[in-house]
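Peer 1: Coordinates in work.csv, CSV, C-alpha atoms, are listed below.
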chain,number,residue,atom,x,y,z
F,1,MET,CA,-8.0,-64.2,9.2
F,2,LEU,CA,-10.8,-66.3,10.2
F,3,PHE,CA,-12.5,-63.5,12.0
F,4,LEU,CA,-11.9,-61.1,9.1
F,5,LEU,CA,-13.5,-63.6,6.7
F,6,PHE,CA,-16.5,-64.0,9.0
F,7,GLY,CA,-16.8,-60.2,9.4
F,8,PHE,CA,-16.7,-59.8,5.7
F,9,TRP,CA,-19.5,-62.3,5.3
F,10,VAL,CA,-21.7,-60.5,7.7
F,11,LEU,CA,-20.9,-57.2,6.1
F,12,LEU,CA,-21.8,-58.4,2.7
F,13,ASN,CA,-25.1,-59.9,3.9
F,14,GLY,CA,-26.2,-56.6,5.6
F,15,GLN,CA,-28.3,-58.4,8.2
F,16,TRP,CA,-27.9,-60.8,11.1
F,17,THR,CA,-29.8,-64.0,11.6
F,18,GLY,CA,-28.9,-67.3,13.1
F,19,GLU,CA,-28.9,-69.0,9.7
F,20,ILE,CA,-26.6,-66.3,8.2
F,21,ALA,CA,-24.2,-66.6,11.1
F,22,VAL,CA,-24.0,-70.4,10.9
F,23,VAL,CA,-23.5,-70.4,7.1
F,24,GLY,CA,-20.9,-67.6,7.4
F,25,ALA,CA,-19.0,-69.5,10.2
F,26,VAL,CA,-18.9,-72.7,8.2
F,27,LEU,CA,-17.8,-71.0,5.0
F,28,SER,CA,-15.2,-68.9,6.8
F,29,VAL,CA,-13.7,-72.1,8.4
F,30,LEU,CA,-13.7,-73.8,5.0
F,31,ILE,CA,-12.0,-70.9,3.3
F,32,TYR,CA,-9.5,-70.6,6.1
F,33,LEU,CA,-8.6,-74.3,5.9
F,34,PHE,CA,-8.3,-74.0,2.1
F,35,ILE,CA,-5.9,-71.0,2.5
F,36,TRP,CA,-3.9,-72.8,5.1
F,37,LYS,CA,-3.6,-76.0,3.0
F,38,PHE,CA,-3.0,-74.6,-0.5
F,39,MET,CA,-1.6,-71.1,-0.1
F,40,ASP,CA,1.1,-71.8,2.5
F,41,TYR,CA,-0.6,-69.8,5.2
F,42,SER,CA,-0.5,-70.6,8.9
F,43,PRO,CA,-1.6,-69.0,12.2
F,44,ARG,CA,2.1,-68.5,13.0
F,45,LYS,CA,2.5,-66.3,9.8
F,46,GLU,CA,-0.7,-64.5,10.7
F,47,TRP,CA,0.6,-63.8,14.2
F,48,ALA,CA,3.9,-62.5,12.7
F,49,LEU,CA,1.9,-60.1,10.5
F,50,VAL,CA,-0.2,-58.9,13.5
F,51,LYS,CA,3.0,-58.2,15.5
F,52,ARG,CA,4.3,-56.1,12.6
F,53,LEU,CA,1.1,-54.1,12.3
F,54,PRO,CA,2.2,-51.3,14.8
F,55,GLY,CA,5.4,-50.8,12.8
F,56,ALA,CA,3.5,-50.7,9.5
F,57,LEU,CA,1.1,-48.1,10.9
F,58,ALA,CA,4.1,-46.0,12.2
F,59,TYR,CA,5.6,-46.2,8.7
F,60,LEU,CA,2.3,-45.1,7.2
F,61,GLY,CA,2.2,-42.1,9.6
F,62,CYS,CA,5.8,-41.2,8.8
F,63,LEU,CA,5.0,-41.4,5.1
F,64,ILE,CA,2.0,-39.1,5.4
F,65,VAL,CA,4.1,-36.6,7.4
F,66,GLU,CA,6.8,-36.7,4.6
F,67,ILE,CA,4.2,-36.3,1.9
F,68,VAL,CA,2.7,-33.2,3.6
F,69,ARG,CA,6.2,-31.7,4.2
F,70,SER,CA,7.2,-32.3,0.6
F,71,CYS,CA,3.9,-31.0,-0.7
F,72,LEU,CA,4.4,-27.7,1.2
F,73,ALA,CA,8.0,-27.4,0.0
F,74,THR,CA,6.9,-28.0,-3.6
F,75,ILE,CA,4.2,-25.4,-3.3
F,76,ARG,CA,6.7,-22.9,-1.8
F,77,LEU,CA,9.1,-23.7,-4.6
F,78,ILE,CA,6.5,-23.2,-7.3
F,79,TRP,CA,5.0,-20.0,-5.9
F,80,SER,CA,8.2,-18.3,-4.9
F,81,PRO,CA,9.5,-15.9,-7.6
F,82,LYS,CA,13.0,-15.8,-5.9
F,83,TRP,CA,13.8,-19.5,-5.9
F,84,GLU,CA,15.2,-21.1,-9.0
F,85,VAL,CA,14.5,-24.7,-9.6
F,86,GLN,CA,17.6,-26.8,-9.8
F,87,PRO,CA,16.6,-30.4,-10.7
F,88,ARG,CA,19.0,-33.2,-9.8
F,89,LEU,CA,19.5,-36.9,-10.2
F,90,VAL,CA,20.6,-38.6,-7.0
F,91,SER,CA,21.9,-42.1,-6.7
F,92,PHE,CA,22.1,-43.9,-3.4
F,93,ARG,CA,22.3,-47.4,-1.9
F,94,THR,CA,19.6,-48.5,0.4
F,95,ARG,CA,20.4,-50.6,3.5
F,96,LEU,CA,17.2,-52.6,3.0
F,97,ARG,CA,17.8,-56.3,2.3
F,98,GLY,CA,14.5,-57.5,0.7
F,99,ASN,CA,13.1,-56.5,-2.6
F,100,TYR,CA,9.6,-56.1,-1.1
F,101,ALA,CA,10.9,-53.4,1.3
F,102,ARG,CA,13.0,-51.8,-1.5
F,103,VAL,CA,9.9,-51.5,-3.7
F,104,ILE,CA,7.9,-49.9,-0.9
F,105,LEU,CA,10.7,-47.4,-0.4
F,106,ALA,CA,10.9,-46.6,-4.1
F,107,ASN,CA,7.2,-46.2,-4.4
F,108,SER,CA,7.2,-44.0,-1.2
F,109,ILE,CA,9.8,-41.8,-2.8
F,110,THR,CA,7.7,-41.6,-6.0
F,111,ILE,CA,4.4,-40.6,-4.3
F,112,THR,CA,6.2,-37.9,-2.3
F,113,PRO,CA,5.8,-34.6,-4.3
F,114,GLY,CA,9.0,-33.4,-5.9
F,115,THR,CA,10.8,-36.8,-6.2
F,116,ILE,CA,10.5,-39.7,-8.6
F,117,THR,CA,12.3,-43.0,-8.4
F,118,VAL,CA,13.7,-43.5,-11.9
F,119,THR,CA,15.4,-46.9,-11.5
F,120,MET,CA,16.0,-49.5,-8.9
F,121,GLN,CA,18.7,-52.0,-9.5
F,122,GLY,CA,19.4,-54.2,-6.5
F,123,ASP,CA,20.1,-52.0,-3.6
F,124,LYS,CA,20.8,-48.9,-5.7
F,125,LEU,CA,18.1,-46.3,-6.4
F,126,LEU,CA,18.2,-43.4,-8.9
F,127,VAL,CA,15.9,-40.6,-7.9
F,128,HIS,CA,15.0,-37.4,-9.8
F,129,CYS,CA,14.5,-34.5,-7.4
F,130,LEU,CA,12.7,-31.3,-8.5
F,131,ASP,CA,15.3,-29.3,-6.5
F,132,GLU,CA,18.6,-30.1,-4.9
F,133,ASP,CA,17.0,-29.5,-1.5
F,134,PHE,CA,14.7,-32.5,-2.0
F,135,ALA,CA,17.8,-34.7,-2.5
F,136,GLU,CA,19.0,-34.1,1.1
F,137,GLY,CA,18.1,-37.0,3.4
F,138,LEU,CA,17.2,-39.6,0.8
F,139,ALA,CA,19.8,-42.1,2.0
F,140,GLY,CA,19.3,-43.0,5.7
F,141,SER,CA,15.8,-41.4,5.8
F,142,ALA,CA,13.2,-42.1,8.5
F,143,GLN,CA,11.2,-44.1,6.0
F,144,GLU,CA,14.2,-46.4,5.3
F,145,THR,CA,14.9,-46.8,9.0
F,146,ARG,CA,11.3,-47.7,9.7
F,147,LEU,CA,11.3,-50.2,6.8
F,148,MET,CA,14.5,-51.7,8.2
F,149,LYS,CA,12.7,-52.3,11.5
F,150,LEU,CA,9.8,-53.9,9.7
F,151,GLU,CA,12.2,-56.1,7.8
F,152,GLY,CA,13.9,-57.4,10.8
F,153,GLY,CA,15.8,-54.7,12.5
F,154,PRO,CA,18.7,-52.3,11.7
F,155,LYS,CA,21.3,-54.6,13.3
F,156,ALA,CA,20.8,-57.1,10.6
F,157,GLN,CA,22.5,-54.9,8.1
F,158,GLU,CA,26.0,-53.4,8.6
F,159,THR,CA,27.1,-50.4,6.5
F,160,ASP,CA,30.3,-48.6,6.0
F,161,LYS,CA,30.7,-44.8,6.3
F,162,ARG,CA,29.7,-44.1,2.7
F,163,GLY,CA,26.3,-45.8,3.2
F,164,GLY,CA,27.1,-48.8,1.1
F,165,ARG,CA,27.2,-52.4,2.1
F,166,LYS,CA,30.1,-53.7,4.0
F,167,HIS,CA,31.6,-56.7,2.3
F,168,GLY,CA,33.3,-59.4,4.3
Kindly present the structure from the file in structure tokens form.

Peer 2:
Amino acid sequence: MLFLLFGFWVLLNGQWTGEIAVVGAVLSVLIYLFIWKFMDYSPRKEWALVKRLPGALAYLGCLIVEIVRSCLATIRLIWSPKWEVQPRLVSFRTRLRGNYARVILANSITITPGTITVTMQGDKLLVHCLDEDFAEGLAGSAQETRLMKLEGGPKAQETDKRGGRKHG
């Protein structure tokens, strides 16, 4: 974070002099100390975020691939005179534990063409699909699996055969 603050300072100044570097370094350290003291931030938390960065980038790549696939399927559905659109509401339970990961999954579903997350209550999501083919693979998707790894691993959550939470 300290290096990002300093880099941002240099970027905003647009030039490099010794005076700018010293002022930027002092201000960056002061802002970093302020964040550490008053915003519950620490180098340990920063390192945890850095360790999750490859997983987050993998998730972003997976999301982009899903968006492109869904976009092509939606275009094919719209342009094809033979296919009939059969919209469907699908409800499923996600294996994600945290609300943050659940919101990311719900938003990822919504930005994917042909699907919209209608509601999210706890671990249950209601998704409107443009066609019933879009409903396949929502539960247990690659996106959900990658988010589970970012959240702390798939072994932290046990599920039964129906995909719901195992109680007890």

Peer 1: Kindly indicate which residue among F:Met120, F:Ser28, F:Thr94, F:Val22 lies nearest to Phe6 in chain F, using all atoms listed in the file for the distances.

Peer 2: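 Using all atoms listed in the file, Phe6 in chain F sits closest to F:Ser28.
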
Peer 1: CA of Val68 in chain F to CA of Pro87 in chain F: how many Å, to one decimal?

Peer 2: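 According to the coordinates, CA of Val68 in chain F and CA of Pro87 in chain F are separated by 20.1 Å.
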
Peer 1: Go through F:Asn13, F:Thr145, F:Ser91, F:Ser80 one by one, measure the shortest atom-to-atom distance of each to Asp123 in chain F using all atoms listed in the file, and give the residue with the smallest value.

Peer 2: F:Ser91

Peer 1: In Å, with one decimal, what is the gap from CA of Leu130 in chain F to CA of Thr74 in chain F?

Peer 2: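 Here the two named atoms are 8.3 Å from each other.
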
Peer 1: Counting all atoms listed in the file, figure out which residue out of F:Ser108, F:Ser70, F:Thr117, F:Gln15 gets nearest to Arg88 in chain F.

Peer 2: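 Ranked by minimum distance to Arg88 in chain F, first place goes to F:Thr117.
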
Peer 1: Can you pull out every residue within 12 Å of Phe3 in chain F, counting all atoms listed in the file, but drop anything in the same chain fewer than 2 positions away, and send it as a CSV table (one decimal) with C-alpha atoms, in the frame of the given file?

Peer 2:
chain,number,residue,atom,x,y,z
F,1,MET,CA,-8.0,-64.2,9.2
F,5,LEU,CA,-13.5,-63.6,6.7
F,6,PHE,CA,-16.5,-64.0,9.0
F,7,GLY,CA,-16.8,-60.2,9.4
F,8,PHE,CA,-16.7,-59.8,5.7
F,9,TRP,CA,-19.5,-62.3,5.3
F,10,VAL,CA,-21.7,-60.5,7.7
F,24,GLY,CA,-20.9,-67.6,7.4
F,25,ALA,CA,-19.0,-69.5,10.2
F,26,VAL,CA,-18.9,-72.7,8.2
F,27,LEU,CA,-17.8,-71.0,5.0
F,28,SER,CA,-15.2,-68.9,6.8
F,29,VAL,CA,-13.7,-72.1,8.4
F,31,ILE,CA,-12.0,-70.9,3.3
F,32,TYR,CA,-9.5,-70.6,6.1
F,46,GLU,CA,-0.7,-64.5,10.7

Peer 1: Separation of CA of Arg52 in chain F and CA of Arg97 in chain F, in Å?

Peer 2: 17.0 Å

Peer 1: Of the candidates F:Leu125, F:Leu12, F:Leu96, F:Leu2, which one gets nearest to Arg146 in chain F if we count only C-alpha atoms?

Peer 2: F:Leu96

Peer 1: Need the shell around Glu66 in chain F: protein/DNA/RNA residues with any atom at most 12 Å away, counting only C-alpha atoms. Skip same-chain ones fewer than 2 positions apart. Format as number ranges by chain?

Peer 2: F: 59-64, 68-74, 108-115, 134, 137-138, 141-143

Peer 1: Just to be explicit: take each residue in the selection above, keep C-alpha atoms, and write the result as a compact mmCIF listing (two decimals), in the coordinates of the input.

Peer 2:
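Listing of again-v4.txt after writing:
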# COMPACT_ATOMS: atom_id res chain seq x y z
CA TYR F 59 5.60 -46.20 8.70
CA LEU F 60 2.30 -45.10 7.20
CA GLY F 61 2.20 -42.10 9.60
CA CYS F 62 5.80 -41.20 8.80
CA LEU F 63 5.00 -41.40 5.10
CA ILE F 64 2.00 -39.10 5.40
CA VAL F 68 2.70 -33.20 3.60
CA ARG F 69 6.20 -31.70 4.20
CA SER F 70 7.20 -32.30 0.60
CA CYS F 71 3.90 -31.00 -0.70
CA LEU F 72 4.40 -27.70 1.20
CA ALA F 73 8.00 -27.40 0.00
CA THR F 74 6.90 -28.00 -3.60
CA SER F 108 7.20 -44.00 -1.20
CA ILE F 109 9.80 -41.80 -2.80
CA THR F 110 7.70 -41.60 -6.00
CA ILE F 111 4.40 -40.60 -4.30
CA THR F 112 6.20 -37.90 -2.30
CA PRO F 113 5.80 -34.60 -4.30
CA GLY F 114 9.00 -33.40 -5.90
CA THR F 115 10.80 -36.80 -6.20
CA PHE F 134 14.70 -32.50 -2.00
CA GLY F 137 18.10 -37.00 3.40
CA LEU F 138 17.20 -39.60 0.80
CA SER F 141 15.80 -41.40 5.80
CA ALA F 142 13.20 -42.10 8.50
CA GLN F 143 11.20 -44.10 6.00

Peer 1: When you count all atoms listed in the file, which of these residues is closest to Arg95 in chain F: F:Trp79, F:Met148, F:Trp47, F:Glu136?

Peer 2: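 Among the listed residues, the smallest separation from Arg95 in chain F belongs to F:Met148.
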
Peer 1: Select, from F:Leu4, F:Leu150, F:Ala106, F:Ile35, the residue with the minimum atom-to-atom distance to Leu49 in chain F, counting all atoms listed in the file.

Peer 2: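 Using all atoms listed in the file, the shortest distance to Leu49 in chain F belongs to F:Leu150.
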